[in-house]
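Chemist: The following file, model07.cif, comprises mmCIF, C-alpha atoms; chains and numbers go by the auth columns:
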```cif
data_model
#
loop_
_atom_site.group_PDB
_atom_site.id
_atom_site.type_symbol
_atom_site.label_atom_id
_atom_site.label_comp_id
_atom_site.label_asym_id
_atom_site.label_seq_id
_atom_site.Cartn_x
_atom_site.Cartn_y
_atom_site.Cartn_z
_atom_site.B_iso_or_equiv
_atom_site.auth_seq_id
_atom_site.auth_asym_id
ATOM 1 C CA MET A 1 -82.691 53.849 32.328 0.00 1 C
ATOM 2 C CA ARG A 2 -84.978 54.190 29.337 0.00 2 C
ATOM 3 C CA GLN A 3 -88.518 55.481 29.549 0.00 3 C
ATOM 4 C CA GLU A 4 -91.194 52.847 28.912 0.00 4 C
ATOM 5 C CA PRO A 5 -93.887 53.641 26.355 0.00 5 C
ATOM 6 C CA ILE A 6 -97.070 54.929 27.984 0.00 6 C
ATOM 7 C CA GLU A 7 -98.987 51.898 26.703 0.00 7 C
ATOM 8 C CA LEU A 8 -96.745 49.554 28.738 0.00 8 C
ATOM 9 C CA ILE A 9 -97.001 51.744 31.814 0.00 9 C
ATOM 10 C CA LEU A 10 -100.791 51.691 31.575 0.00 10 C
ATOM 11 C CA LEU A 11 -100.856 47.941 30.864 0.00 11 C
ATOM 12 C CA LYS A 12 -98.753 47.255 33.963 0.00 12 C
ATOM 13 C CA GLN A 13 -101.111 49.438 36.000 0.00 13 C
ATOM 14 C CA TRP A 14 -104.211 47.703 34.601 0.00 14 C
ATOM 15 C CA SER A 15 -102.771 44.227 35.196 0.00 15 C
ATOM 16 C CA SER A 16 -102.195 45.063 38.860 0.00 16 C
ATOM 17 C CA TYR A 17 -105.998 45.351 39.232 0.00 17 C
ATOM 18 C CA VAL A 18 -107.126 42.124 37.540 0.00 18 C
ATOM 19 C CA ALA A 19 -107.461 38.715 39.187 0.00 19 C
ATOM 20 C CA VAL A 20 -105.904 36.677 36.367 0.00 20 C
ATOM 21 C CA PRO A 21 -102.156 36.022 36.085 0.00 21 C
ATOM 22 C CA ILE A 22 -100.479 38.427 33.644 0.00 22 C
ATOM 23 C CA TRP A 23 -96.871 38.475 32.324 0.00 23 C
ATOM 24 C CA ILE A 24 -95.626 41.447 30.267 0.00 24 C
ATOM 25 C CA THR A 25 -92.505 41.641 28.108 0.00 25 C
ATOM 26 C CA ASP A 26 -91.067 44.604 26.264 0.00 26 C
ATOM 27 C CA VAL A 27 -90.277 44.606 22.546 0.00 27 C
ATOM 28 C CA ASP A 28 -86.905 42.944 23.215 0.00 28 C
ATOM 29 C CA GLY A 29 -88.517 40.070 25.143 0.00 29 C
ATOM 30 C CA ASN A 30 -87.376 41.252 28.567 0.00 30 C
ATOM 31 C CA LEU A 31 -89.799 40.451 31.376 0.00 31 C
ATOM 32 C CA ILE A 32 -90.871 43.826 32.722 0.00 32 C
ATOM 33 C CA TYR A 33 -93.730 42.808 35.011 0.00 33 C
ATOM 34 C CA TYR A 34 -95.965 40.056 36.285 0.00 34 C
ATOM 35 C CA ASN A 35 -98.866 40.646 38.610 0.00 35 C
ATOM 36 C CA GLU A 36 -99.699 39.239 42.033 0.00 36 C
ATOM 37 C CA PRO A 37 -101.997 36.446 40.742 0.00 37 C
ATOM 38 C CA ALA A 38 -99.050 35.173 38.651 0.00 38 C
ATOM 39 C CA GLU A 39 -96.725 34.919 41.639 0.00 39 C
ATOM 40 C CA PRO A 40 -97.900 31.545 43.056 0.00 40 C
ATOM 41 C CA ILE A 41 -97.659 29.926 39.610 0.00 41 C
ATOM 42 C CA LEU A 42 -94.244 31.423 38.822 0.00 42 C
ATOM 43 C CA GLY A 43 -92.912 30.621 42.288 0.00 43 C
ATOM 44 C CA ARG A 44 -91.716 34.046 43.431 0.00 44 C
ATOM 45 C CA ARG A 45 -93.071 37.513 44.124 0.00 45 C
ATOM 46 C CA PHE A 46 -92.312 39.983 41.346 0.00 46 C
ATOM 47 C CA ASP A 47 -90.844 42.374 43.916 0.00 47 C
ATOM 48 C CA ASP A 48 -88.263 39.676 44.709 0.00 48 C
ATOM 49 C CA ALA A 49 -87.656 38.482 41.128 0.00 49 C
ATOM 50 C CA GLY A 50 -87.707 41.862 39.405 0.00 50 C
ATOM 51 C CA GLU A 51 -87.299 42.465 35.718 0.00 51 C
ATOM 52 C CA ILE A 52 -85.539 39.630 33.894 0.00 52 C
ATOM 53 C CA PRO A 53 -83.506 40.060 30.685 0.00 53 C
ATOM 54 C CA ALA A 54 -84.727 37.994 27.726 0.00 54 C
ATOM 55 C CA ASP A 55 -81.550 35.900 27.594 0.00 55 C
ATOM 56 C CA ARG A 56 -82.041 34.764 31.216 0.00 56 C
ATOM 57 C CA ILE A 57 -85.731 33.825 31.065 0.00 57 C
ATOM 58 C CA SER A 58 -85.155 30.420 29.457 0.00 58 C
ATOM 59 C CA GLN A 59 -82.445 29.702 32.046 0.00 59 C
ATOM 60 C CA LEU A 60 -84.837 30.445 34.909 0.00 60 C
ATOM 61 C CA PHE A 61 -88.026 28.844 33.548 0.00 61 C
ATOM 62 C CA PHE A 62 -87.593 25.412 31.963 0.00 62 C
ATOM 63 C CA THR A 63 -90.533 24.768 29.616 0.00 63 C
ATOM 64 C CA SER A 64 -91.748 21.480 28.202 0.00 64 C
ATOM 65 C CA ASP A 65 -94.837 20.025 26.607 0.00 65 C
ATOM 66 C CA PRO A 66 -97.286 18.114 28.839 0.00 66 C
ATOM 67 C CA ASP A 67 -95.279 14.910 28.254 0.00 67 C
ATOM 68 C CA GLY A 68 -92.019 16.523 29.421 0.00 68 C
ATOM 69 C CA GLN A 69 -90.444 17.077 25.996 0.00 69 C
ATOM 70 C CA PRO A 70 -88.644 20.458 25.763 0.00 70 C
ATOM 71 C CA VAL A 71 -90.472 23.182 23.838 0.00 71 C
ATOM 72 C CA PRO A 72 -88.203 25.183 21.516 0.00 72 C
ATOM 73 C CA ASN A 73 -88.153 28.861 22.474 0.00 73 C
ATOM 74 C CA SER A 74 -89.447 29.776 19.013 0.00 74 C
ATOM 75 C CA GLU A 75 -92.674 27.851 19.765 0.00 75 C
ATOM 76 C CA LEU A 76 -93.437 29.491 23.121 0.00 76 C
ATOM 77 C CA PRO A 77 -96.609 31.621 22.960 0.00 77 C
ATOM 78 C CA LEU A 78 -94.834 34.789 24.133 0.00 78 C
ATOM 79 C CA VAL A 79 -92.089 34.381 21.546 0.00 79 C
ATOM 80 C CA VAL A 80 -94.658 33.792 18.780 0.00 80 C
ATOM 81 C CA ALA A 81 -96.567 36.920 19.859 0.00 81 C
ATOM 82 C CA LEU A 82 -93.324 38.925 19.946 0.00 82 C
ATOM 83 C CA THR A 83 -91.833 37.734 16.672 0.00 83 C
ATOM 84 C CA ASP A 84 -94.861 37.032 14.484 0.00 84 C
ATOM 85 C CA HIS A 85 -97.147 39.702 16.011 0.00 85 C
ATOM 86 C CA VAL A 86 -100.048 37.232 16.306 0.00 86 C
ATOM 87 C CA PRO A 87 -101.810 35.667 19.295 0.00 87 C
ATOM 88 C CA ALA A 88 -100.645 32.196 20.367 0.00 88 C
ATOM 89 C CA HIS A 89 -101.852 29.562 22.814 0.00 89 C
ATOM 90 C CA ARG A 90 -100.285 26.397 24.238 0.00 90 C
ATOM 91 C CA LEU A 91 -100.644 23.850 27.023 0.00 91 C
ATOM 92 C CA MET A 92 -97.229 23.334 28.614 0.00 92 C
ATOM 93 C CA ARG A 93 -95.278 22.620 31.766 0.00 93 C
ATOM 94 C CA ILE A 94 -92.929 25.016 33.477 0.00 94 C
ATOM 95 C CA GLU A 95 -90.442 24.619 36.232 0.00 95 C
ATOM 96 C CA ALA A 96 -91.196 27.642 38.392 0.00 96 C
ATOM 97 C CA LEU A 97 -88.665 29.750 40.286 0.00 97 C
ATOM 98 C CA ASP A 98 -89.376 27.761 43.448 0.00 98 C
ATOM 99 C CA GLY A 99 -88.554 24.472 41.667 0.00 99 C
ATOM 100 C CA SER A 100 -92.159 23.281 41.391 0.00 100 C
ATOM 101 C CA ILE A 101 -93.409 21.798 38.121 0.00 101 C
ATOM 102 C CA ARG A 102 -96.717 23.219 36.943 0.00 102 C
ATOM 103 C CA LEU A 103 -98.980 22.397 34.024 0.00 103 C
ATOM 104 C CA ILE A 104 -100.290 25.675 32.612 0.00 104 C
ATOM 105 C CA GLU A 105 -102.221 26.976 29.662 0.00 105 C
ATOM 106 C CA VAL A 106 -100.747 30.134 28.172 0.00 106 C
ATOM 107 C CA THR A 107 -102.331 32.638 25.811 0.00 107 C
ATOM 108 C CA ALA A 108 -100.119 35.452 24.553 0.00 108 C
ATOM 109 C CA ILE A 109 -100.945 38.479 22.447 0.00 109 C
ATOM 110 C CA PRO A 110 -98.708 41.102 20.863 0.00 110 C
ATOM 111 C CA ILE A 111 -98.841 44.596 22.322 0.00 111 C
ATOM 112 C CA ILE A 112 -99.273 47.015 19.461 0.00 112 C
ATOM 113 C CA GLY A 113 -99.375 50.668 20.405 0.00 113 C
ATOM 114 C CA GLN A 114 -100.450 53.819 18.652 0.00 114 C
ATOM 115 C CA ALA A 115 -99.311 54.161 15.041 0.00 115 C
ATOM 116 C CA GLY A 116 -98.784 50.376 14.875 0.00 116 C
ATOM 117 C CA ARG A 117 -95.690 50.382 17.115 0.00 117 C
ATOM 118 C CA HIS A 118 -94.734 46.915 18.334 0.00 118 C
ATOM 119 C CA LEU A 119 -94.144 47.301 22.065 0.00 119 C
ATOM 120 C CA GLY A 120 -93.895 43.745 23.381 0.00 120 C
ATOM 121 C CA ALA A 121 -96.258 40.943 24.341 0.00 121 C
ATOM 122 C CA MET A 122 -98.565 40.031 27.179 0.00 122 C
ATOM 123 C CA ALA A 123 -99.520 36.572 28.363 0.00 123 C
ATOM 124 C CA THR A 124 -102.161 35.266 30.677 0.00 124 C
ATOM 125 C CA PHE A 125 -101.856 31.769 32.049 0.00 125 C
ATOM 126 C CA TRP A 126 -103.611 29.422 34.406 0.00 126 C
ATOM 127 C CA GLU A 127 -103.448 25.913 35.775 0.00 127 C
ATOM 128 C CA PRO A 128 -106.096 23.726 34.089 0.00 128 C
ATOM 129 C CA GLN A 129 -108.690 22.243 36.404 0.00 129 C
#
```
Please re-express this file's structure in structure tokens.
Modeler:
Amino acid sequence: MRQEPIELILLKQWSSYVAVPIWITDVDGNLIYYNEPAEPILGRRFDDAGEIPADRISQLFFTSDPDGQPVPNSELPLVVALTDHVPAHRLMRIEALDGSIRLIEVTAIPIIGQAGRHLGAMATFWEPQ
């Protein structure tokens, strides 16, 4: 098991204290954590879902635009933040782990550590009112 960079460890700790849903991926796109406020939207407790490899995420969470048209992985905010190292935002639908369909807004930012190291991406998301 590899050691996570301290910035990711601290980010996971911080996100456990905030009241907004947070999703964190490592530099390879693997889901390494989501916080308790994210659990109802994603349809499962993180303790039950655990870390998810990047190649399984798209199999577990079907994403589409608000009209139901599939969104290419390359256009997902987290993927844009990971690959282009820029913030990204999108309104989209997901099929959660419990099978529910949810309309969410997602904003993702790259995680850039000390000395400019690219460490992953973080997203916050919410259901529009």
Chemist: Can you tell me which residues surround C:Pro40 at a distance of at most 12 Å, considering only C-alpha atoms, apart from same-chain residues fewer than 5 positions away, and format the answer as an MDAnalysis selection string?
Modeler: chainID C and resid 20:22 34:35 45:46 96:102 125:127
Chemist: Restricting the calculation to all atoms listed in the file: of C:Gln69, C:Thr83, C:Gln59, C:Ser74, which residue gets closest to C:Leu119?
Modeler: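 Result for the nearest residue to C:Leu119: C:Thr83.
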Chemist: Looking at C:Gly29, C:Ile94, C:Pro5, C:Asp47, which one is nearest to C:Leu60, with distances taken over only C-alpha atoms?
Modeler: C:Ile94
Chemist: Mind checking which residues fall within 12 Å of C:Arg117, counting all atoms listed in the file, ignoring those fewer than 3 positions away in the same chain, and posting them as a ChimeraX atom specification?
Modeler: /C:5-8,26-27,85,110-114,120-121
Chemist: May I have the residues within 8 Å of C:Met92 as a list in words, using only C-alpha atoms and disregarding those fewer than 6 positions away in the same chain?
Modeler: Thr63, Ser64, Asp65, Pro66, Leu103, Ile104, Glu105 and Val106 of chain C
Chemist: For a test of reading the model, state the distance in Å between atom CA of C:Val86 and atom CA of C:Ala115, rounded to one decimal.
Modeler: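 Separating atom CA of C:Val86 from atom CA of C:Ala115 is a distance of 17.0 Å.
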Chemist: Do you know which residues the PyMOL selection byres ((chain C and resi 32) around 9) returns on this file, as a list in words?
Modeler: Lys12, Trp23, Ile24, Thr25, Asp26, Gly29, Asn30, Leu31, Tyr33, Tyr34, Gly50, Glu51, Ile52 and Pro53 of chain C
Chemist: Tell me which of C:Ala123, C:Leu76, C:Ile57, C:Ile109 sits closest to C:Ala38, counting only C-alpha atoms.
Modeler: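 When distances to C:Ala38 are compared using only C-alpha atoms, the smallest one comes from C:Ala123.
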Chemist: So, counting only C-alpha atoms, which residue among C:Ser58, C:Tyr17, C:Pro37, C:Thr124 is closest to C:Arg90?
Modeler: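 Using only C-alpha atoms, C:Arg90 sits closest to C:Thr124.
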Chemist: Looking at only C-alpha atoms, which of C:Asp28, C:Ser15, C:Pro128, C:Asp48 is the one that sits closest to C:Val79?
Modeler: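 Looking at the shortest contact to C:Val79, the residue is C:Asp28.
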Chemist: For the atom pair atom CA of C:Ala54 and atom CA of C:Trp14, what is the interatomic distance in Å to one decimal place?
Modeler: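 It comes out at 22.8 Å.
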Chemist: Please, what distance in Å, to one decimal, runs between atom CA of C:Ala19 and atom CA of C:Gln3?
Modeler: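 Going from atom CA of C:Ala19 over to atom CA of C:Gln3 covers 27.1 Å.
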Chemist: What box, with edges along x, y and z, holds each listed atom of stretch 104-121 of chain C when 8 Å is added on every side, and can you state its centre and edge lengths in Å to one decimal, as AutoDock Vina command-line options?
Modeler:
```
--center_x -98.1 --center_y 39.9 --center_z 23.7 --size_x 24.4 --size_y 44.5 --size_z 33.7
```
